[in-house]
file coords07.cif (mmCIF, C-alpha atoms, pLDDT in the B column; chains and numbers go by the auth columns)
data_input
#
loop_
_atom_site.group_PDB
_atom_site.id
_atom_site.type_symbol
_atom_site.label_atom_id
_atom_site.label_comp_id
_atom_site.label_asym_id
_atom_site.label_seq_id
_atom_site.Cartn_x
_atom_site.Cartn_y
_atom_site.Cartn_z
_atom_site.B_iso_or_equiv
_atom_site.auth_seq_id
_atom_site.auth_asym_id
ATOM 1 C CA MET A 1 34.840 -46.850 -80.827 57.00 1 R
ATOM 2 C CA TYR A 2 38.447 -46.592 -79.810 85.00 2 R
ATOM 3 C CA LYS A 3 39.828 -44.161 -77.279 95.00 3 R
ATOM 4 C CA VAL A 4 43.460 -43.374 -76.593 97.00 4 R
ATOM 5 C CA TYR A 5 44.076 -42.410 -72.961 98.00 5 R
ATOM 6 C CA LEU A 6 47.260 -40.647 -71.931 98.00 6 R
ATOM 7 C CA VAL A 7 48.144 -41.220 -68.288 98.00 7 R
ATOM 8 C CA GLY A 8 51.055 -39.982 -66.212 97.00 8 R
ATOM 9 C CA PHE A 9 52.013 -37.608 -63.454 96.00 9 R
ATOM 10 C CA MET A 10 51.116 -33.939 -63.756 92.00 10 R
ATOM 11 C CA GLY A 11 53.645 -32.254 -66.011 92.00 11 R
ATOM 12 C CA SER A 12 54.597 -35.472 -67.833 95.00 12 R
ATOM 13 C CA GLY A 13 53.439 -34.050 -71.185 95.00 13 R
ATOM 14 C CA LYS A 14 49.954 -35.568 -71.540 96.00 14 R
ATOM 15 C CA SER A 15 48.331 -32.394 -72.922 95.00 15 R
ATOM 16 C CA ALA A 16 51.220 -31.484 -75.219 96.00 16 R
ATOM 17 C CA VAL A 17 51.444 -35.023 -76.628 97.00 17 R
ATOM 18 C CA GLY A 18 47.648 -35.336 -76.803 97.00 18 R
ATOM 19 C CA ARG A 19 47.263 -32.197 -78.934 97.00 19 R
ATOM 20 C CA ARG A 20 50.004 -33.294 -81.333 97.00 20 R
ATOM 21 C CA LEU A 21 48.764 -36.882 -81.472 97.00 21 R
ATOM 22 C CA SER A 22 45.318 -35.591 -82.409 97.00 22 R
ATOM 23 C CA TYR A 23 46.826 -33.821 -85.410 97.00 23 R
ATOM 24 C CA LEU A 24 48.983 -36.822 -86.345 96.00 24 R
ATOM 25 C CA LEU A 25 46.170 -39.398 -86.131 95.00 25 R
ATOM 26 C CA LYS A 26 43.363 -37.055 -87.234 95.00 26 R
ATOM 27 C CA MET A 27 41.324 -37.886 -84.121 95.00 27 R
ATOM 28 C CA PRO A 28 39.614 -35.374 -81.825 97.00 28 R
ATOM 29 C CA TYR A 29 41.506 -34.497 -78.639 98.00 29 R
ATOM 30 C CA TYR A 30 40.088 -33.740 -75.196 97.00 30 R
ATOM 31 C CA ASP A 31 41.798 -32.681 -72.010 96.00 31 R
ATOM 32 C CA MET A 32 39.900 -34.275 -69.116 96.00 32 R
ATOM 33 C CA ASP A 33 40.714 -31.458 -66.690 94.00 33 R
ATOM 34 C CA LYS A 34 39.530 -28.798 -69.162 95.00 34 R
ATOM 35 C CA GLU A 35 36.339 -30.721 -69.876 96.00 35 R
ATOM 36 C CA ILE A 36 35.584 -30.979 -66.137 96.00 36 R
ATOM 37 C CA VAL A 37 36.338 -27.269 -65.624 96.00 37 R
ATOM 38 C CA ASN A 38 33.988 -26.342 -68.498 96.00 38 R
ATOM 39 C CA LYS A 39 31.197 -28.566 -67.195 96.00 39 R
ATOM 40 C CA GLN A 40 31.575 -27.415 -63.569 96.00 40 R
ATOM 41 C CA LYS A 41 32.114 -23.756 -64.539 96.00 41 R
ATOM 42 C CA ARG A 42 34.854 -23.595 -61.885 95.00 42 R
ATOM 43 C CA THR A 43 38.617 -24.040 -61.870 91.00 43 R
ATOM 44 C CA ILE A 44 40.190 -27.171 -60.429 88.00 44 R
ATOM 45 C CA PRO A 45 41.574 -25.194 -57.443 86.00 45 R
ATOM 46 C CA GLU A 46 38.004 -23.926 -56.790 91.00 46 R
ATOM 47 C CA ILE A 47 36.555 -27.447 -56.961 93.00 47 R
ATOM 48 C CA PHE A 48 39.245 -28.730 -54.554 89.00 48 R
ATOM 49 C CA GLU A 49 38.680 -25.788 -52.197 90.00 49 R
ATOM 50 C CA GLN A 50 34.863 -25.915 -52.234 94.00 50 R
ATOM 51 C CA GLU A 51 34.223 -29.657 -52.311 94.00 51 R
ATOM 52 C CA GLY A 52 37.529 -31.435 -51.744 91.00 52 R
ATOM 53 C CA GLU A 53 39.689 -33.857 -53.647 88.00 53 R
ATOM 54 C CA ALA A 54 37.298 -36.826 -53.233 92.00 54 R
ATOM 55 C CA HIS A 55 34.560 -34.903 -55.075 95.00 55 R
ATOM 56 C CA PHE A 56 36.971 -33.995 -57.867 94.00 56 R
ATOM 57 C CA ARG A 57 38.032 -37.652 -58.192 93.00 57 R
ATOM 58 C CA GLN A 58 34.361 -38.613 -58.535 96.00 58 R
ATOM 59 C CA LEU A 59 33.983 -36.039 -61.325 97.00 59 R
ATOM 60 C CA GLU A 60 36.860 -37.786 -63.122 96.00 60 R
ATOM 61 C CA THR A 61 35.121 -41.168 -62.862 97.00 61 R
ATOM 62 C CA ASP A 62 31.828 -39.625 -64.051 96.00 62 R
ATOM 63 C CA PHE A 63 33.705 -38.160 -67.012 97.00 63 R
ATOM 64 C CA LEU A 64 35.150 -41.545 -68.000 96.00 64 R
ATOM 65 C CA GLN A 65 31.766 -43.262 -67.642 95.00 65 R
ATOM 66 C CA ASN A 66 29.782 -40.693 -69.595 94.00 66 R
ATOM 67 C CA PHE A 67 32.092 -38.949 -72.046 92.00 67 R
ATOM 68 C CA ARG A 68 31.334 -39.010 -75.767 87.00 68 R
ATOM 69 C CA LYS A 69 31.015 -42.370 -77.413 88.00 69 R
ATOM 70 C CA GLU A 70 33.535 -41.630 -80.141 91.00 70 R
ATOM 71 C CA SER A 71 37.076 -42.479 -81.080 93.00 71 R
ATOM 72 C CA CYS A 72 39.251 -39.775 -79.573 96.00 72 R
ATOM 73 C CA ILE A 73 42.386 -38.973 -77.602 97.00 73 R
ATOM 74 C CA ILE A 74 42.012 -38.025 -73.936 98.00 74 R
ATOM 75 C CA SER A 75 44.717 -36.669 -71.675 97.00 75 R
ATOM 76 C CA THR A 76 43.687 -37.676 -68.174 97.00 76 R
ATOM 77 C CA GLY A 77 44.287 -35.970 -64.860 90.00 77 R
ATOM 78 C CA GLY A 78 47.388 -37.052 -62.941 90.00 78 R
ATOM 79 C CA GLY A 79 45.386 -38.929 -60.300 91.00 79 R
ATOM 80 C CA VAL A 80 42.979 -40.809 -62.573 95.00 80 R
ATOM 81 C CA ALA A 81 44.918 -44.085 -62.573 95.00 81 R
ATOM 82 C CA MET A 82 44.791 -44.276 -58.758 94.00 82 R
ATOM 83 C CA ASN A 83 41.154 -45.371 -58.999 95.00 83 R
ATOM 84 C CA GLU A 84 40.622 -48.994 -60.070 95.00 84 R
ATOM 85 C CA GLU A 85 37.216 -48.222 -61.592 96.00 85 R
ATOM 86 C CA ASN A 86 38.843 -45.557 -63.803 97.00 86 R
ATOM 87 C CA VAL A 87 41.534 -48.014 -64.886 97.00 87 R
ATOM 88 C CA ARG A 88 38.908 -50.641 -65.708 97.00 88 R
ATOM 89 C CA ILE A 89 36.920 -48.156 -67.826 96.00 89 R
ATOM 90 C CA MET A 90 40.010 -46.937 -69.704 97.00 90 R
ATOM 91 C CA ARG A 91 41.390 -50.410 -70.393 95.00 91 R
ATOM 92 C CA ASN A 92 37.981 -51.643 -71.589 94.00 92 R
ATOM 93 C CA THR A 93 37.297 -48.725 -73.938 94.00 93 R
ATOM 94 C CA GLY A 94 40.669 -48.063 -75.482 94.00 94 R
ATOM 95 C CA LEU A 95 44.427 -47.992 -75.331 95.00 95 R
ATOM 96 C CA VAL A 96 46.198 -46.607 -72.259 97.00 96 R
ATOM 97 C CA LEU A 97 49.576 -44.955 -72.902 97.00 97 R
ATOM 98 C CA TYR A 98 51.723 -43.995 -69.905 98.00 98 R
ATOM 99 C CA LEU A 99 54.044 -41.037 -70.426 98.00 99 R
ATOM 100 C CA ASP A 100 56.868 -41.923 -68.066 97.00 100 R
ATOM 101 C CA ALA A 101 58.818 -38.745 -67.318 96.00 101 R
ATOM 102 C CA THR A 102 61.495 -38.401 -64.651 96.00 102 R
ATOM 103 C CA PHE A 103 60.565 -36.534 -61.485 97.00 103 R
ATOM 104 C CA ASN A 104 63.293 -33.989 -62.211 95.00 104 R
ATOM 105 C CA ASP A 105 61.803 -33.144 -65.625 94.00 105 R
ATOM 106 C CA ILE A 106 58.341 -32.927 -64.100 95.00 106 R
ATOM 107 C CA TRP A 107 59.483 -30.714 -61.220 95.00 107 R
ATOM 108 C CA MET A 108 61.019 -28.220 -63.664 93.00 108 R
ATOM 109 C CA ARG A 109 57.683 -27.992 -65.508 91.00 109 R
ATOM 110 C CA ILE A 110 55.266 -27.780 -62.569 92.00 110 R
ATOM 111 C CA LYS A 111 57.057 -26.055 -59.681 91.00 111 R
ATOM 112 C CA ASN A 112 55.561 -22.616 -60.417 88.00 112 R
ATOM 113 C CA ASP A 113 52.147 -23.709 -61.721 85.00 113 R
ATOM 114 C CA LYS A 114 49.385 -21.929 -59.789 80.00 114 R
ATOM 115 C CA ASN A 115 46.678 -24.056 -61.432 78.00 115 R
ATOM 116 C CA ARG A 116 47.766 -27.254 -59.681 82.00 116 R
ATOM 117 C CA PRO A 117 46.386 -27.324 -56.123 78.00 117 R
ATOM 118 C CA ILE A 118 48.586 -30.250 -55.095 84.00 118 R
ATOM 119 C CA VAL A 119 51.741 -28.417 -56.220 88.00 119 R
ATOM 120 C CA GLN A 120 50.763 -25.308 -54.282 84.00 120 R
ATOM 121 C CA SER A 121 50.119 -27.215 -51.055 88.00 121 R
ATOM 122 C CA SER A 122 53.087 -29.628 -51.169 91.00 122 R
ATOM 123 C CA THR A 123 56.853 -29.529 -50.810 93.00 123 R
ATOM 124 C CA LYS A 124 59.117 -30.882 -53.538 95.00 124 R
ATOM 125 C CA GLU A 125 59.792 -33.935 -51.332 96.00 125 R
ATOM 126 C CA GLU A 126 56.066 -34.584 -50.815 96.00 126 R
ATOM 127 C CA LEU A 127 55.456 -34.330 -54.559 95.00 127 R
ATOM 128 C CA GLU A 128 58.271 -36.776 -55.226 96.00 128 R
ATOM 129 C CA GLN A 129 56.693 -39.250 -52.779 96.00 129 R
ATOM 130 C CA LEU A 130 53.347 -38.833 -54.555 95.00 130 R
ATOM 131 C CA TYR A 131 55.102 -39.316 -57.911 96.00 131 R
ATOM 132 C CA ASN A 132 56.672 -42.581 -56.704 96.00 132 R
ATOM 133 C CA LYS A 133 53.361 -43.821 -55.308 95.00 133 R
ATOM 134 C CA ARG A 134 51.415 -42.980 -58.482 95.00 134 R
ATOM 135 C CA LYS A 135 54.075 -44.429 -60.761 96.00 135 R
ATOM 136 C CA ARG A 136 53.104 -47.942 -59.641 94.00 136 R
ATOM 137 C CA ALA A 137 49.450 -47.249 -60.491 95.00 137 R
ATOM 138 C CA TYR A 138 50.354 -45.881 -63.936 97.00 138 R
ATOM 139 C CA LYS A 139 52.399 -48.983 -64.708 95.00 139 R
ATOM 140 C CA LYS A 140 49.523 -51.219 -63.628 94.00 140 R
ATOM 141 C CA ALA A 141 46.969 -49.240 -65.676 95.00 141 R
ATOM 142 C CA THR A 142 48.889 -48.960 -68.910 96.00 142 R
ATOM 143 C CA HIS A 143 49.056 -51.000 -72.067 95.00 143 R
ATOM 144 C CA ILE A 144 52.230 -49.239 -73.251 96.00 144 R
ATOM 145 C CA THR A 145 54.835 -47.196 -71.367 97.00 145 R
ATOM 146 C CA ILE A 146 56.566 -44.397 -73.262 97.00 146 R
ATOM 147 C CA LEU A 147 59.791 -43.098 -71.718 96.00 147 R
ATOM 148 C CA THR A 148 60.060 -39.353 -72.345 95.00 148 R
ATOM 149 C CA GLU A 149 63.464 -38.518 -70.848 94.00 149 R
ATOM 150 C CA ASN A 150 65.824 -36.886 -73.377 93.00 150 R
ATOM 151 C CA ARG A 151 63.247 -37.327 -76.135 95.00 151 R
ATOM 152 C CA PRO A 152 61.802 -34.368 -78.013 94.00 152 R
ATOM 153 C CA LEU A 153 58.020 -33.968 -78.024 95.00 153 R
ATOM 154 C CA ARG A 154 57.917 -34.862 -81.725 96.00 154 R
ATOM 155 C CA GLN A 155 59.636 -38.210 -81.087 97.00 155 R
ATOM 156 C CA VAL A 156 57.339 -39.077 -78.154 97.00 156 R
ATOM 157 C CA THR A 157 54.283 -38.161 -80.248 97.00 157 R
ATOM 158 C CA GLU A 158 55.414 -40.165 -83.283 97.00 158 R
ATOM 159 C CA TYR A 159 56.112 -43.212 -81.115 97.00 159 R
ATOM 160 C CA ALA A 160 52.686 -42.914 -79.479 97.00 160 R
ATOM 161 C CA GLY A 161 51.089 -42.628 -82.939 96.00 161 R
ATOM 162 C CA TYR A 162 52.992 -45.666 -84.152 95.00 162 R
ATOM 163 C CA GLN A 163 51.753 -47.711 -81.165 94.00 163 R
ATOM 164 C CA VAL A 164 48.140 -46.593 -81.649 94.00 164 R
ATOM 165 C CA ASN A 165 48.200 -47.497 -85.346 92.00 165 R
ATOM 166 C CA ARG A 166 49.928 -50.815 -84.640 90.00 166 R
ATOM 167 C CA LEU A 167 47.367 -51.842 -82.014 84.00 167 R
ATOM 168 C CA LYS A 168 44.226 -50.433 -83.643 77.00 168 R
ATOM 169 C CA GLY A 169 43.936 -53.491 -85.838 60.00 169 R
ATOM 170 C CA GLU A 170 43.881 -55.935 -82.902 50.00 170 R
#
call {"tool": "encode", "arguments": {"input": "coords07.cif", "output": "structure tokens"}}
result
Amino acid sequence: MYKVYLVGFMGSGKSAVGRRLSYLLKMPYYDMDKEIVNKQKRTIPEIFEQEGEAHFRQLETDFLQNFRKESCIISTGGGVAMNEENVRIMRNTGLVLYLDATFNDIWMRIKNDKNRPIVQSSTKEELEQLYNKRKRAYKKATHITILTENRPLRQVTEYAGYQVNRLKGE
């Protein structure tokens, strides 16, 4: 069993790269947030509102502990790498790729997204502080960092695929 985990800040391209990587490597792809939403039968904003962020973070850990025992690609939620248990699980069960996007690129993608509770309740400055704080955790969690600035999605995906194939044999 070999999982490929995509980590990075919200809006860094985890879902877009994950879907394309799935096609490229012929491996199933799962979006952690979507899987949690389907299982909980509620949106992420509803989970945050009804039970708080701590509960949602526990759902993420439960997902990592119990998700299918198969080789697959998983795009994680933006906060997953903040939890050391999550990092331990990911590093022990697969390859962790960090999509390192600039805050400016991320801001352009997420600023109007109603499905991101943290974006709706934070200023641009607060989000940038969160980005800087999480960046350290992503770097600590990852096996390989992929810089996305000024790179088309195809190039980022192909590089990720190259790294997965290169390291699969180890």
call {"tool": "residues_around", "arguments": {"input": "coords07.cif", "residues": "Val80 (chain R)", "least_positions_apart": "2", "cutoff": "12 Å", "atoms": "all atoms listed in the file", "output": "count of residues only"}}
result
41
call {"tool": "closest_residue", "arguments": {"input": "coords07.cif", "among": "R:Met108, R:Gln129, R:Ser15, R:Tyr2", "to": "Leu153 (chain R)", "atoms": "only C-alpha atoms"}}
result
R:Ser15
call {"tool": "atom_distance", "arguments": {"input": "coords07.cif", "atom1": "CA of Pro45 (chain R)", "atom2": "CA of Phe67 (chain R)"}}
result
22.2 Å
call {"tool": "residues_around", "arguments": {"input": "coords07.cif", "residues": "region 112-115 of chain R", "least_positions_apart": "3", "cutoff": "10 Å", "atoms": "all atoms listed in the file", "output": "list in words"}}
result
Gly11, Thr43, Ile44, Pro45, Glu46, Trp107, Met108, Arg109, Ile118, Val119 and Gln120 of chain R
call {"tool": "closest_residue", "arguments": {"input": "coords07.cif", "among": "R:Lys140, R:Ala16, R:Glu128, R:Lys168", "to": "Ala81 (chain R)", "atoms": "all atoms listed in the file"}}
result
R:Lys140
call {"tool": "resolve_selection", "arguments": {"input": "coords07.cif", "expression": "the PyMOL selection byres ((chain R and resi 99) around 8)", "output": "PyMOL selection string"}}
result
chain R and resi 6-8+12-14+97-98+100-101+145-148
call {"tool": "closest_residue", "arguments": {"input": "coords07.cif", "among": "R:Phe48, R:Arg136, R:Ile144, R:Glu125", "to": "Arg166 (chain R)", "atoms": "all atoms listed in the file"}}
result
R:Ile144
call {"tool": "closest_residue", "arguments": {"input": "coords07.cif", "among": "R:Leu167, R:Ile110, R:Leu95, R:Cys72", "to": "Tyr23 (chain R)", "atoms": "all atoms listed in the file"}}
result
R:Cys72
call {"tool": "atom_distance", "arguments": {"input": "coords07.cif", "atom1": "CA of Lys124 (chain R)", "atom2": "CA of Lys111 (chain R)"}}
result
8.1 Å
call {"tool": "closest_residue", "arguments": {"input": "coords07.cif", "among": "R:Gly94, R:Pro117, R:Gly161, R:Gly52", "to": "Arg20 (chain R)", "atoms": "all atoms listed in the file"}}
result
R:Gly161
call {"tool": "atom_distance", "arguments": {"input": "coords07.cif", "atom1": "CA of Arg68 (chain R)", "atom2": "CA of Tyr30 (chain R)"}}
result
10.2 Å
